[in-house]
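Asks: Below is the file final.pdb, which contains PDB, C-alpha atoms and all ligand atoms.
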```pdb
ATOM      1  CA  MET U   1      73.493 115.368 107.306
ATOM      2  CA  ARG U   2      75.914 114.110 109.933
ATOM      3  CA  ARG U   3      79.416 115.449 109.848
ATOM      4  CA  LEU U   4      81.818 113.209 107.980
ATOM      5  CA  VAL U   5      85.211 112.346 109.467
ATOM      6  CA  VAL U   6      87.746 111.086 106.938
ATOM      7  CA  GLY U   7      91.102 109.617 107.935
ATOM      8  CA  ASN U   8      93.925 110.109 105.446
ATOM      9  CA  TRP U   9      96.643 107.650 106.361
ATOM     10  CA  LYS U  10      98.937 109.035 103.640
ATOM     11  CA  MET U  11     101.988 106.778 103.022
ATOM     12  CA  ASN U  12     101.618 104.892 106.288
ATOM     13  CA  GLY U  13     100.399 101.372 106.834
ATOM     14  CA  LEU U  14     102.175  98.016 106.636
ATOM     15  CA  SER U  15      99.828  95.044 106.814
ATOM     16  CA  ALA U  16      99.844  94.224 110.514
ATOM     17  CA  PRO U  17      99.546  97.759 111.975
ATOM     18  CA  ALA U  18      97.050  98.774 109.270
ATOM     19  CA  ALA U  19      94.791  95.855 110.132
ATOM     20  CA  GLU U  20      95.111  96.584 113.838
ATOM     21  CA  LEU U  21      94.214 100.255 113.330
ATOM     22  CA  ALA U  22      91.238  99.428 111.097
ATOM     23  CA  ARG U  23      89.974  96.867 113.638
ATOM     24  CA  ALA U  24      90.267  99.351 116.492
ATOM     25  CA  VAL U  25      88.405 102.065 114.559
ATOM     26  CA  ALA U  26      85.655  99.641 113.496
ATOM     27  CA  ALA U  27      85.253  98.399 117.065
ATOM     28  CA  GLY U  28      84.970 101.914 118.459
ATOM     29  CA  ALA U  29      82.820 103.379 115.693
ATOM     30  CA  GLY U  30      79.520 102.052 117.012
ATOM     31  CA  ASP U  31      76.245 101.904 115.117
ATOM     32  CA  GLY U  32      74.359 104.456 113.101
ATOM     33  CA  PRO U  33      74.615 105.893 109.620
ATOM     34  CA  PRO U  34      78.075 105.627 108.074
ATOM     35  CA  ASP U  35      79.893 108.861 108.870
ATOM     36  CA  LEU U  36      83.505 107.724 109.072
ATOM     37  CA  VAL U  37      85.922 106.949 106.246
ATOM     38  CA  LEU U  38      89.443 105.528 106.313
ATOM     39  CA  CYS U  39      91.737 106.158 103.356
ATOM     40  CA  PRO U  40      94.679 103.763 103.638
ATOM     41  CA  PRO U  41      97.461 103.492 101.060
ATOM     42  CA  PHE U  42      96.454 101.541  97.942
ATOM     43  CA  THR U  43      98.167  98.361  99.143
ATOM     44  CA  GLN U  44      95.929  98.143 102.226
ATOM     45  CA  ILE U  45      92.554  99.093 100.749
ATOM     46  CA  ALA U  46      91.286  95.567 100.101
ATOM     47  CA  ALA U  47      92.358  94.300 103.527
ATOM     48  CA  VAL U  48      90.959  97.331 105.347
ATOM     49  CA  ALA U  49      87.696  97.109 103.389
ATOM     50  CA  ALA U  50      87.323  93.480 104.466
ATOM     51  CA  ILE U  51      87.883  94.417 108.105
ATOM     52  CA  LEU U  52      85.404  97.332 107.927
ATOM     53  CA  ALA U  53      82.672  95.401 106.091
ATOM     54  CA  GLY U  54      79.431  95.681 108.054
ATOM     55  CA  SER U  55      80.713  98.563 110.193
ATOM     56  CA  THR U  56      79.807 102.264 110.003
ATOM     57  CA  VAL U  57      83.248 102.991 108.548
ATOM     58  CA  ALA U  58      83.732 103.225 104.785
ATOM     59  CA  VAL U  59      86.968 103.020 102.810
ATOM     60  CA  GLY U  60      88.510 105.450 100.358
ATOM     61  CA  GLY U  61      91.563 105.888  98.174
ATOM     62  CA  GLN U  62      93.997 108.801  98.341
ATOM     63  CA  ASP U  63      94.187 109.451  94.593
ATOM     64  CA  CYS U  64      93.153 107.975  91.255
ATOM     65  CA  HIS U  65      94.194 108.307  87.631
ATOM     66  CA  PRO U  66      91.788 110.073  85.242
ATOM     67  CA  GLU U  67      91.723 107.075  82.885
ATOM     68  CA  PRO U  68      89.929 103.835  83.808
ATOM     69  CA  ALA U  69      92.777 101.604  82.497
ATOM     70  CA  GLY U  70      95.760 101.674  80.180
ATOM     71  CA  PRO U  71      99.494 102.265  79.877
ATOM     72  CA  HIS U  72     100.080 104.290  83.062
ATOM     73  CA  THR U  73     102.814 102.537  84.978
ATOM     74  CA  GLY U  74     102.442 102.844  88.715
ATOM     75  CA  ASP U  75      99.020 104.476  88.639
ATOM     76  CA  ILE U  76      95.712 103.245  90.052
ATOM     77  CA  SER U  77      92.345 103.952  88.432
ATOM     78  CA  ALA U  78      88.989 104.775  89.979
ATOM     79  CA  PRO U  79      87.375 101.471  88.873
ATOM     80  CA  MET U  80      90.291  99.637  90.530
ATOM     81  CA  LEU U  81      89.564 101.430  93.804
ATOM     82  CA  ARG U  82      85.873 100.587  93.524
ATOM     83  CA  ASP U  83      86.755  96.995  92.707
ATOM     84  CA  VAL U  84      88.569  96.519  96.024
ATOM     85  CA  GLY U  85      85.865  98.099  98.151
ATOM     86  CA  ALA U  86      86.510 101.850  98.137
ATOM     87  CA  ARG U  87      83.510 104.210  98.233
ATOM     88  CA  TYR U  88      85.417 107.500  98.356
ATOM     89  CA  VAL U  89      88.585 108.975  96.908
ATOM     90  CA  ILE U  90      90.610 111.990  98.059
ATOM     91  CA  LEU U  91      91.643 114.122  95.076
ATOM     92  CA  GLY U  92      93.952 117.105  94.700
ATOM     93  CA  HIS U  93      95.457 116.869  98.176
ATOM     94  CA  SER U  94      98.056 119.619  98.537
ATOM     95  CA  GLU U  95     100.804 117.013  98.913
ATOM     96  CA  ARG U  96      99.898 115.668  95.464
ATOM     97  CA  ARG U  97      99.452 119.149  94.021
ATOM     98  CA  ALA U  98     102.977 119.978  95.253
ATOM     99  CA  ALA U  99     104.900 116.702  94.812
ATOM    100  CA  HIS U 100     103.189 115.495  91.623
ATOM    101  CA  ALA U 101     102.483 118.866  90.006
ATOM    102  CA  GLU U 102      98.733 118.212  90.004
ATOM    103  CA  ASN U 103      96.809 121.243  88.776
ATOM    104  CA  ASP U 104      93.112 122.077  88.914
ATOM    105  CA  GLY U 105      92.461 120.694  85.412
ATOM    106  CA  LEU U 106      93.901 117.300  86.307
ATOM    107  CA  VAL U 107      92.021 117.186  89.600
ATOM    108  CA  ARG U 108      88.834 117.965  87.672
ATOM    109  CA  MET U 109      89.456 115.059  85.275
ATOM    110  CA  LYS U 110      90.090 112.766  88.234
ATOM    111  CA  ALA U 111      86.815 113.889  89.835
ATOM    112  CA  ILE U 112      84.977 112.986  86.626
ATOM    113  CA  ALA U 113      86.683 109.587  86.551
ATOM    114  CA  ALA U 114      85.856 108.962  90.198
ATOM    115  CA  ALA U 115      82.155 109.725  89.759
ATOM    116  CA  ARG U 116      82.019 107.542  86.640
ATOM    117  CA  ALA U 117      83.371 104.646  88.679
ATOM    118  CA  GLY U 118      80.798 105.186  91.420
ATOM    119  CA  LEU U 119      83.210 106.773  93.907
ATOM    120  CA  ILE U 120      82.459 109.901  95.923
ATOM    121  CA  PRO U 121      85.266 112.390  95.284
ATOM    122  CA  ILE U 122      86.681 114.453  98.156
ATOM    123  CA  VAL U 123      88.334 117.398  96.408
ATOM    124  CA  CYS U 124      90.930 119.315  98.431
ATOM    125  CA  VAL U 125      91.634 123.026  98.140
ATOM    126  CA  GLY U 126      93.696 125.376 100.281
ATOM    127  CA  GLU U 127      96.185 128.197 100.195
ATOM    128  CA  THR U 128      99.890 128.095 101.057
ATOM    129  CA  GLU U 129     101.331 130.216 103.817
ATOM    130  CA  ALA U 130     102.925 132.576 101.269
ATOM    131  CA  GLU U 131      99.585 133.040  99.505
ATOM    132  CA  ARG U 132      97.925 133.813 102.820
ATOM    133  CA  ASP U 133     100.664 136.261 103.817
ATOM    134  CA  GLU U 134     100.211 138.030 100.485
ATOM    135  CA  GLY U 135      96.479 138.383 101.201
ATOM    136  CA  ARG U 136      95.588 136.025  98.341
ATOM    137  CA  ALA U 137      94.074 133.129 100.297
ATOM    138  CA  GLU U 138      90.494 133.786  99.184
ATOM    139  CA  PRO U 139      91.121 134.253  95.449
ATOM    140  CA  VAL U 140      93.438 131.222  95.433
ATOM    141  CA  VAL U 141      90.823 128.993  97.051
ATOM    142  CA  ALA U 142      88.021 130.411  94.886
ATOM    143  CA  SER U 143      90.007 129.674  91.764
ATOM    144  CA  GLN U 144      90.820 126.128  92.936
ATOM    145  CA  VAL U 145      87.112 125.516  93.558
ATOM    146  CA  ALA U 146      86.196 126.885  90.122
ATOM    147  CA  GLY U 147      88.916 124.912  88.330
ATOM    148  CA  SER U 148      88.883 121.590  90.163
ATOM    149  CA  LEU U 149      85.185 120.702  90.068
ATOM    150  CA  PRO U 150      83.418 119.291  87.006
ATOM    151  CA  GLU U 151      80.072 120.776  85.929
ATOM    152  CA  ASP U 152      78.087 117.856  87.326
ATOM    153  CA  PHE U 153      80.117 117.548  90.531
ATOM    154  CA  ALA U 154      78.241 115.827  93.343
ATOM    155  CA  GLY U 155      80.955 115.146  95.892
ATOM    156  CA  ILE U 156      82.650 116.634  98.918
ATOM    157  CA  LEU U 157      85.042 119.566  99.342
ATOM    158  CA  ALA U 158      87.870 119.734 101.853
ATOM    159  CA  TYR U 159      89.370 123.067 102.815
ATOM    160  CA  GLU U 160      92.918 122.401 103.965
ATOM    161  CA  PRO U 161      95.205 125.389 104.397
ATOM    162  CA  VAL U 162      98.573 123.962 103.363
ATOM    163  CA  TRP U 163     100.366 125.617 106.287
ATOM    164  CA  ALA U 164      98.039 123.929 108.776
ATOM    165  CA  ILE U 165      98.717 120.395 107.523
ATOM    166  CA  GLY U 166     100.892 118.417 109.907
ATOM    167  CA  SER U 167     102.075 121.629 111.560
ATOM    168  CA  GLY U 168     100.005 121.723 114.731
ATOM    169  CA  ARG U 169      98.769 125.164 113.665
ATOM    170  CA  THR U 170      95.146 125.823 112.784
ATOM    171  CA  PRO U 171      93.466 128.969 111.474
ATOM    172  CA  LYS U 172      91.309 130.989 113.861
ATOM    173  CA  ALA U 173      87.661 129.922 113.956
ATOM    174  CA  GLY U 174      86.669 133.099 112.132
ATOM    175  CA  GLU U 175      89.150 132.370 109.341
ATOM    176  CA  ILE U 176      87.791 128.856 108.872
ATOM    177  CA  ALA U 177      84.226 130.200 108.949
ATOM    178  CA  GLY U 178      85.099 132.857 106.375
ATOM    179  CA  MET U 179      86.693 130.423 103.972
ATOM    180  CA  HIS U 180      83.922 127.860 104.324
ATOM    181  CA  ALA U 181      81.355 130.606 103.662
ATOM    182  CA  LEU U 182      83.252 131.600 100.533
ATOM    183  CA  ILE U 183      83.405 127.992  99.336
ATOM    184  CA  ARG U 184      79.694 127.534 100.079
ATOM    185  CA  ALA U 185      78.844 130.663  98.079
ATOM    186  CA  ARG U 186      80.888 129.379  95.118
ATOM    187  CA  LEU U 187      79.246 125.960  95.308
ATOM    188  CA  VAL U 188      75.753 127.452  95.341
ATOM    189  CA  GLN U 189      76.674 129.721  92.448
ATOM    190  CA  ALA U 190      77.995 126.784  90.422
ATOM    191  CA  PHE U 191      75.587 124.006  91.389
ATOM    192  CA  GLY U 192      72.429 125.718  92.662
ATOM    193  CA  ALA U 193      70.472 123.748  95.232
ATOM    194  CA  GLY U 194      72.976 120.862  95.027
ATOM    195  CA  GLY U 195      75.707 123.238  96.144
ATOM    196  CA  LYS U 196      73.861 123.937  99.389
ATOM    197  CA  GLU U 197      74.111 120.308 100.454
ATOM    198  CA  MET U 198      77.723 119.456  99.588
ATOM    199  CA  PRO U 199      79.722 118.812 102.743
ATOM    200  CA  ILE U 200      82.751 121.071 103.194
ATOM    201  CA  LEU U 201      85.304 119.387 105.435
ATOM    202  CA  TYR U 202      88.058 121.215 107.276
ATOM    203  CA  GLY U 203      91.521 119.625 107.311
ATOM    204  CA  GLY U 204      94.821 120.612 108.908
ATOM    205  CA  SER U 205      96.014 119.648 112.401
ATOM    206  CA  VAL U 206      92.628 118.453 113.660
ATOM    207  CA  LYS U 207      93.080 116.453 116.877
ATOM    208  CA  GLY U 208      90.792 115.075 119.539
ATOM    209  CA  ALA U 209      91.519 118.143 121.660
ATOM    210  CA  ASN U 210      90.490 120.766 119.085
ATOM    211  CA  ALA U 211      87.899 118.799 117.106
ATOM    212  CA  ALA U 212      84.821 120.088 118.929
ATOM    213  CA  SER U 213      85.864 123.715 118.512
ATOM    214  CA  ILE U 214      86.351 123.142 114.777
ATOM    215  CA  MET U 215      83.218 121.060 114.187
ATOM    216  CA  GLU U 216      81.029 123.777 115.687
ATOM    217  CA  ILE U 217      82.151 126.382 113.131
ATOM    218  CA  PRO U 218      79.377 127.278 110.672
ATOM    219  CA  GLU U 219      79.565 125.355 107.374
ATOM    220  CA  VAL U 220      82.132 122.878 108.686
ATOM    221  CA  GLY U 221      80.659 119.573 107.540
ATOM    222  CA  GLY U 222      83.327 117.356 109.045
ATOM    223  CA  GLY U 223      87.067 116.829 109.033
ATOM    224  CA  LEU U 224      89.862 115.437 106.901
ATOM    225  CA  ILE U 225      92.332 114.019 109.374
ATOM    226  CA  GLY U 226      95.967 113.140 108.689
ATOM    227  CA  GLY U 227      98.294 112.440 111.602
ATOM    228  CA  ALA U 228      95.544 111.948 114.181
ATOM    229  CA  SER U 229      93.892 109.277 112.014
ATOM    230  CA  LEU U 230      96.858 106.992 112.644
ATOM    231  CA  VAL U 231      95.917 106.647 116.319
ATOM    232  CA  ALA U 232      92.565 104.922 116.811
ATOM    233  CA  ALA U 233      91.756 106.707 120.082
ATOM    234  CA  GLU U 234      92.454 110.125 118.537
ATOM    235  CA  PHE U 235      90.428 109.399 115.422
ATOM    236  CA  LEU U 236      87.539 108.104 117.514
ATOM    237  CA  ALA U 237      87.720 111.172 119.768
ATOM    238  CA  ILE U 238      87.379 113.362 116.665
ATOM    239  CA  ALA U 239      84.473 111.212 115.490
ATOM    240  CA  ALA U 240      82.788 111.606 118.877
ATOM    241  CA  ALA U 241      83.210 115.384 118.693
ATOM    242  CA  ALA U 242      81.738 115.429 115.183
ATOM    243  CA  ARG U 243      78.790 113.323 116.274
ATOM    244  CA  SER U 244      77.955 115.680 119.130
ATOM    245  CA  PHE U 245      76.762 118.355 116.666
ATOM    246  CA  PRO U 246      73.661 118.355 114.491
ATOM    247  CA  GLY U 247      74.186 118.212 110.730
ATOM    248  CA  THR U 248      74.905 121.320 108.691
TER     249      THR U 248
HETATM  250  P1  LIG S 301      97.031 116.597 109.395
HETATM  251  O1  LIG S 301      96.810 116.324 107.820
HETATM  252  O2  LIG S 301      95.740 116.248 110.076
HETATM  253  O3  LIG S 301      98.170 115.697 109.773
HETATM  254  O4  LIG S 301      97.367 118.036 109.529
HETATM  255  C1  LIG S 301      95.609 116.627 107.193
HETATM  256  C2  LIG S 301      95.677 116.225 105.745
HETATM  257  O5  LIG S 301      96.737 116.357 105.124
HETATM  258  O6  LIG S 301      94.677 115.760 105.159
END
```
What would you get if you wrote out this structure as structure tokens?

Replies:
Amino acid sequence: MRRLVVGNWKMNGLSAPAAELARAVAAGAGDGPPDLVLCPPFTQIAAVAAILAGSTVAVGGQDCHPEPAGPHTGDISAPMLRDVGARYVILGHSERRAAHAENDGLVRMKAIAAARAGLIPIVCVGETEAERDEGRAEPVVASQVAGSLPEDFAGILAYEPVWAIGSGRTPKAGEIAGMHALIRARLVQAFGAGGKEMPILYGGSVKGANAASIMEIPEVGGGLIGGASLVAAEFLAIAAAARSFPGT
């Protein structure tokens, strides 16, 4: 499988610049199997999906509610995302775990809701700097994997060390390899053969300049890109680096 490169625009994107960015990414993405995803804020999903239609770039949401509809003021459901053209949804990003008190159980319910609506969930896990300093990074990530994925999970994982997000700091290649190997082992244990195929993305300060050295790490199945996804040339440089390696 080709490596997947997912752009997480976070809370960035007014109409005009969002459309311009989506157009630039679509124009530079080229042909081939779809291996790029843009996740704009909810307000831009429909417009970005229209711009990306027919390109190799898919669209995703950044969160969804576990219920399909109902009295949940301000929330967006998985069927709503699907309805406006999303194919993917990021779930359990550390910014949501921290700012919205999302725990593994809630992320798991969201992953079930996403799959029910026909979306591919991208479930994020990752330790904080304090957890790493205390030597607890591996048990923390293992427990997030165990708690956040439903029994019939068939989506994508993203390993994002919280301290690497937006910081310009990345773990050493061996640390990424070690954590991806641990996640792979847990996925195989939980899902058998299916667990061997699930892409495990790395996220946290991936840029055009370091993308190749990250994409070549064993078990890295692509990247989840924040800041660098807001600049078309950077995002496309990461995509080019990802495409220069054979699938995992
Ligand atoms: P970053 O963010 O690439 O800006 O570090 C990654 C993410 O939060 O998904």

Asks: Residues within 8 Å of Val141 in chain U, please, as number ranges by chain. Count all atoms listed in the file; anything in the same chain fewer than 2 positions from it doesn't count.

Replies: U: 125-127, 137-139, 143-145, 183

Asks: Residues near Arg186 in chain U, anyone? I mean within 12 Å using only C-alpha atoms, not counting same-chain ones fewer than 5 positions away, as an NGL selection string.

Replies: :U and (138-139 or 141-147 or 149 or 157 or 179-181 or 191-196 or 198 or 200)

Asks: Can you write out the residues you just picked, keeping C-alpha atoms, as a CSV table (one decimal), in the frame of the given file?

Replies:
```csv
chain,number,residue,atom,x,y,z
U,138,GLU,CA,90.5,133.8,99.2
U,139,PRO,CA,91.1,134.3,95.4
U,141,VAL,CA,90.8,129.0,97.1
U,142,ALA,CA,88.0,130.4,94.9
U,143,SER,CA,90.0,129.7,91.8
U,144,GLN,CA,90.8,126.1,92.9
U,145,VAL,CA,87.1,125.5,93.6
U,146,ALA,CA,86.2,126.9,90.1
U,147,GLY,CA,88.9,124.9,88.3
U,149,LEU,CA,85.2,120.7,90.1
U,157,LEU,CA,85.0,119.6,99.3
U,179,MET,CA,86.7,130.4,104.0
U,180,HIS,CA,83.9,127.9,104.3
U,181,ALA,CA,81.4,130.6,103.7
U,191,PHE,CA,75.6,124.0,91.4
U,192,GLY,CA,72.4,125.7,92.7
U,193,ALA,CA,70.5,123.7,95.2
U,194,GLY,CA,73.0,120.9,95.0
U,195,GLY,CA,75.7,123.2,96.1
U,196,LYS,CA,73.9,123.9,99.4
U,198,MET,CA,77.7,119.5,99.6
U,200,ILE,CA,82.8,121.1,103.2
```

Asks: Let me have the centre and edge lengths in Å, one decimal, of the box along x, y and z around every listed atom of range 205-216 of chain U with 5 Å of margin on each side, as AutoDock Vina command-line options.

Replies:
```
--center_x 88.5 --center_y 119.4 --center_z 117.0 --size_x 25.0 --size_y 18.7 --size_z 19.3
```

Asks: Under the rule that only C-alpha atoms are counted, which of U:Pro40, U:Pro218, U:Gly60, U:Gly203 is the nearest residue to Ala19 in chain U?

Replies: U:Pro40

Asks: As an exercise, work out the distance from CA of Cys39 in chain U to CA of Gly61 in chain U in Å and give it to one decimal place.

Replies: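 Interatomic distance, CA of Cys39 in chain U to CA of Gly61 in chain U: 5.2 Å.
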
Asks: What is the CA of Gly7 in chain U-CA of Pro79 in chain U distance in Å, reported with one decimal?

Replies: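 Going from CA of Gly7 in chain U over to CA of Pro79 in chain U covers 21.1 Å.
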
Asks: Could you give me, as a Markdown table, every chain U residue with an atom at most 10 Å from ligand LIG 301 (chain S), plus its closest atom pair and distance in Å to one decimal, counting all atoms listed in the file, rows ordered by chain then number?

Replies:
```
| residue | atom | partner | partner_atom | distance |
| --- | --- | --- | --- | --- |
| U:Val6 | CA | S:LIG301 | O6 | 8.5 |
| U:Gly7 | CA | S:LIG301 | O6 | 7.6 |
| U:Asn8 | CA | S:LIG301 | O6 | 5.7 |
| U:Trp9 | CA | S:LIG301 | O6 | 8.4 |
| U:Lys10 | CA | S:LIG301 | O5 | 7.8 |
| U:Gln62 | CA | S:LIG301 | O6 | 9.8 |
| U:Ile90 | CA | S:LIG301 | O6 | 9.0 |
| U:His93 | CA | S:LIG301 | O5 | 7.1 |
| U:Ser94 | CA | S:LIG301 | O5 | 7.5 |
| U:Glu95 | CA | S:LIG301 | O5 | 7.5 |
| U:Cys124 | CA | S:LIG301 | O6 | 8.5 |
| U:Ala158 | CA | S:LIG301 | O6 | 8.5 |
| U:Tyr159 | CA | S:LIG301 | O6 | 9.3 |
| U:Glu160 | CA | S:LIG301 | O6 | 7.0 |
| U:Pro161 | CA | S:LIG301 | O5 | 9.2 |
| U:Val162 | CA | S:LIG301 | O5 | 8.0 |
| U:Trp163 | CA | S:LIG301 | O4 | 8.8 |
| U:Ala164 | CA | S:LIG301 | O4 | 6.0 |
| U:Ile165 | CA | S:LIG301 | O4 | 3.4 |
| U:Gly166 | CA | S:LIG301 | O4 | 3.6 |
| U:Ser167 | CA | S:LIG301 | O4 | 6.3 |
| U:Gly168 | CA | S:LIG301 | O4 | 6.9 |
| U:Arg169 | CA | S:LIG301 | O4 | 8.4 |
| U:Thr170 | CA | S:LIG301 | O4 | 8.7 |
| U:Tyr202 | CA | S:LIG301 | O6 | 8.8 |
| U:Gly203 | CA | S:LIG301 | C1 | 5.1 |
| U:Gly204 | CA | S:LIG301 | O4 | 3.7 |
| U:Ser205 | CA | S:LIG301 | O4 | 3.6 |
| U:Val206 | CA | S:LIG301 | O2 | 5.2 |
| U:Lys207 | CA | S:LIG301 | O2 | 7.3 |
| U:Gly223 | CA | S:LIG301 | O6 | 8.6 |
| U:Leu224 | CA | S:LIG301 | O6 | 5.1 |
| U:Ile225 | CA | S:LIG301 | O2 | 4.1 |
| U:Gly226 | CA | S:LIG301 | O1 | 3.4 |
| U:Gly227 | CA | S:LIG301 | O3 | 3.7 |
| U:Ala228 | CA | S:LIG301 | O2 | 5.9 |
| U:Ser229 | CA | S:LIG301 | O2 | 7.5 |
| U:Leu230 | CA | S:LIG301 | O3 | 9.3 |
```

Asks: Could you write those residues out with C-alpha atoms, as a compact mmCIF listing (two decimals), keeping the file's coordinate frame?

Replies:
```
# COMPACT_ATOMS: atom_id res chain seq x y z
CA VAL U 6 87.75 111.09 106.94
CA GLY U 7 91.10 109.62 107.94
CA ASN U 8 93.92 110.11 105.45
CA TRP U 9 96.64 107.65 106.36
CA LYS U 10 98.94 109.04 103.64
CA GLN U 62 94.00 108.80 98.34
CA ILE U 90 90.61 111.99 98.06
CA HIS U 93 95.46 116.87 98.18
CA SER U 94 98.06 119.62 98.54
CA GLU U 95 100.80 117.01 98.91
CA CYS U 124 90.93 119.32 98.43
CA ALA U 158 87.87 119.73 101.85
CA TYR U 159 89.37 123.07 102.82
CA GLU U 160 92.92 122.40 103.96
CA PRO U 161 95.20 125.39 104.40
CA VAL U 162 98.57 123.96 103.36
CA TRP U 163 100.37 125.62 106.29
CA ALA U 164 98.04 123.93 108.78
CA ILE U 165 98.72 120.40 107.52
CA GLY U 166 100.89 118.42 109.91
CA SER U 167 102.08 121.63 111.56
CA GLY U 168 100.00 121.72 114.73
CA ARG U 169 98.77 125.16 113.66
CA THR U 170 95.15 125.82 112.78
CA TYR U 202 88.06 121.22 107.28
CA GLY U 203 91.52 119.62 107.31
CA GLY U 204 94.82 120.61 108.91
CA SER U 205 96.01 119.65 112.40
CA VAL U 206 92.63 118.45 113.66
CA LYS U 207 93.08 116.45 116.88
CA GLY U 223 87.07 116.83 109.03
CA LEU U 224 89.86 115.44 106.90
CA ILE U 225 92.33 114.02 109.37
CA GLY U 226 95.97 113.14 108.69
CA GLY U 227 98.29 112.44 111.60
CA ALA U 228 95.54 111.95 114.18
CA SER U 229 93.89 109.28 112.01
CA LEU U 230 96.86 106.99 112.64
```

Asks: Determine the nearest neighbour of Met11 in chain U from the options U:Glu197, U:Asp63, U:Asp83, U:Glu175, counting all atoms listed in the file.

Replies: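 Checking each candidate against Met11 in chain U, we get U:Asp63 as the closest.
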
Asks: If the PyMOL selection byres (((chain U and resi 120) around 12) and not hetatm) is run on the structure shown, which residues does it catch, given as a ChimeraX atom specification?

Replies: /U:37,58-64,78,81-82,86-91,110-119,121-123,153-157,198-199

Asks: To verify the selection step, state as a list in words which residues the PyMOL selection byres (((chain U and resi 4) around 7) and not hetatm) yields on this input.

Replies: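 For this structure, the PyMOL selection byres (((chain U and resi 4) around 7) and not hetatm) captures Arg2, Arg3, Val5, Val6, Asp35, Leu36, Gly221, Gly222 and Gly223 of chain U.
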
Asks: Between CA of Ala29 in chain U and CA of Arg96 in chain U, what is the distance in Å, rounded to a tenth?

Replies: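 Going from CA of Ala29 in chain U over to CA of Arg96 in chain U covers 29.2 Å.
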
Asks: So which residues get picked by the PyMOL selection byres (((chain U and resi 173) around 8) and not hetatm) here, written as number ranges by chain?

Replies: U: 171-172, 174-177, 213-214, 217

Asks: Smallest atom-to-atom distance to Ala49 in chain U: which of U:Arg23, U:Arg108, U:His72, U:Arg97, using all atoms listed in the file?

Replies: U:Arg23

Asks: Skipping near chain neighbours, those fewer than 6 positions away, what residues fall within 10 Å of Ser55 in chain U using only C-alpha atoms, listed as a list of chain:residue names?

Replies: U:Val25, U:Ala26, U:Ala27, U:Gly28, U:Ala29, U:Gly30, U:Asp31, U:Gly32, U:Pro33, U:Pro34, U:Leu36, U:Ala49

Asks: Can I get the selection written as a PDB file, in the frame of the given file, with C-alpha atoms?

Replies:
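The new file selection-v1.pdb reads:
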```pdb
ATOM      1  CA  VAL U  25      88.405 102.065 114.559  1.00  0.00           C
ATOM      2  CA  ALA U  26      85.655  99.641 113.496  1.00  0.00           C
ATOM      3  CA  ALA U  27      85.253  98.399 117.065  1.00  0.00           C
ATOM      4  CA  GLY U  28      84.970 101.914 118.459  1.00  0.00           C
ATOM      5  CA  ALA U  29      82.820 103.379 115.693  1.00  0.00           C
ATOM      6  CA  GLY U  30      79.520 102.052 117.012  1.00  0.00           C
ATOM      7  CA  ASP U  31      76.245 101.904 115.117  1.00  0.00           C
ATOM      8  CA  GLY U  32      74.359 104.456 113.101  1.00  0.00           C
ATOM      9  CA  PRO U  33      74.615 105.893 109.620  1.00  0.00           C
ATOM     10  CA  PRO U  34      78.075 105.627 108.074  1.00  0.00           C
ATOM     11  CA  LEU U  36      83.505 107.724 109.072  1.00  0.00           C
ATOM     12  CA  ALA U  49      87.696  97.109 103.389  1.00  0.00           C
TER      13      ALA U  49
END
```

Asks: Smallest atom-to-atom distance to Gly105 in chain U: which of U:Glu216, U:Gly74, U:Val57, U:Gly92, using all atoms listed in the file?

Replies: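 Going through U:Glu216, U:Gly74, U:Val57, U:Gly92 one by one, the smallest distance to Gly105 in chain U is for U:Gly92.
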
Asks: Could you model N, CA, C and O atoms for range 81-87 of chain U and present them as an mmCIF file, in the coordinates of the input?

Replies:
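File selection_12.cif, as written:
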```
data_model
loop_
_atom_site.group_PDB
_atom_site.id
_atom_site.type_symbol
_atom_site.label_atom_id
_atom_site.label_comp_id
_atom_site.auth_asym_id
_atom_site.auth_seq_id
_atom_site.Cartn_x
_atom_site.Cartn_y
_atom_site.Cartn_z
ATOM 1 N N LEU U 81 89.869 101.126 92.398
ATOM 2 C CA LEU U 81 89.564 101.430 93.804
ATOM 3 C C LEU U 81 88.202 100.858 94.184
ATOM 4 O O LEU U 81 88.029 100.239 95.233
ATOM 5 N N ARG U 82 87.243 101.080 93.282
ATOM 6 C CA ARG U 82 85.873 100.587 93.524
ATOM 7 C C ARG U 82 85.888 99.060 93.642
ATOM 8 O O ARG U 82 85.206 98.489 94.490
ATOM 9 N N ASP U 83 86.683 98.459 92.778
ATOM 10 C CA ASP U 83 86.755 96.995 92.707
ATOM 11 C C ASP U 83 87.218 96.377 94.027
ATOM 12 O O ASP U 83 86.817 95.258 94.368
ATOM 13 N N VAL U 84 88.072 97.091 94.759
ATOM 14 C CA VAL U 84 88.569 96.519 96.024
ATOM 15 C C VAL U 84 87.849 97.080 97.248
ATOM 16 O O VAL U 84 88.309 96.939 98.373
ATOM 17 N N GLY U 85 86.713 97.741 97.012
ATOM 18 C CA GLY U 85 85.865 98.099 98.151
ATOM 19 C C GLY U 85 85.840 99.555 98.540
ATOM 20 O O GLY U 85 85.195 99.915 99.534
ATOM 21 N N ALA U 86 86.542 100.428 97.778
ATOM 22 C CA ALA U 86 86.510 101.850 98.137
ATOM 23 C C ALA U 86 85.179 102.473 97.732
ATOM 24 O O ALA U 86 84.577 102.088 96.716
ATOM 25 N N ARG U 87 84.735 103.442 98.531
ATOM 26 C CA ARG U 87 83.510 104.210 98.233
ATOM 27 C C ARG U 87 83.849 105.678 97.957
ATOM 28 O O ARG U 87 83.072 106.405 97.369
#
```
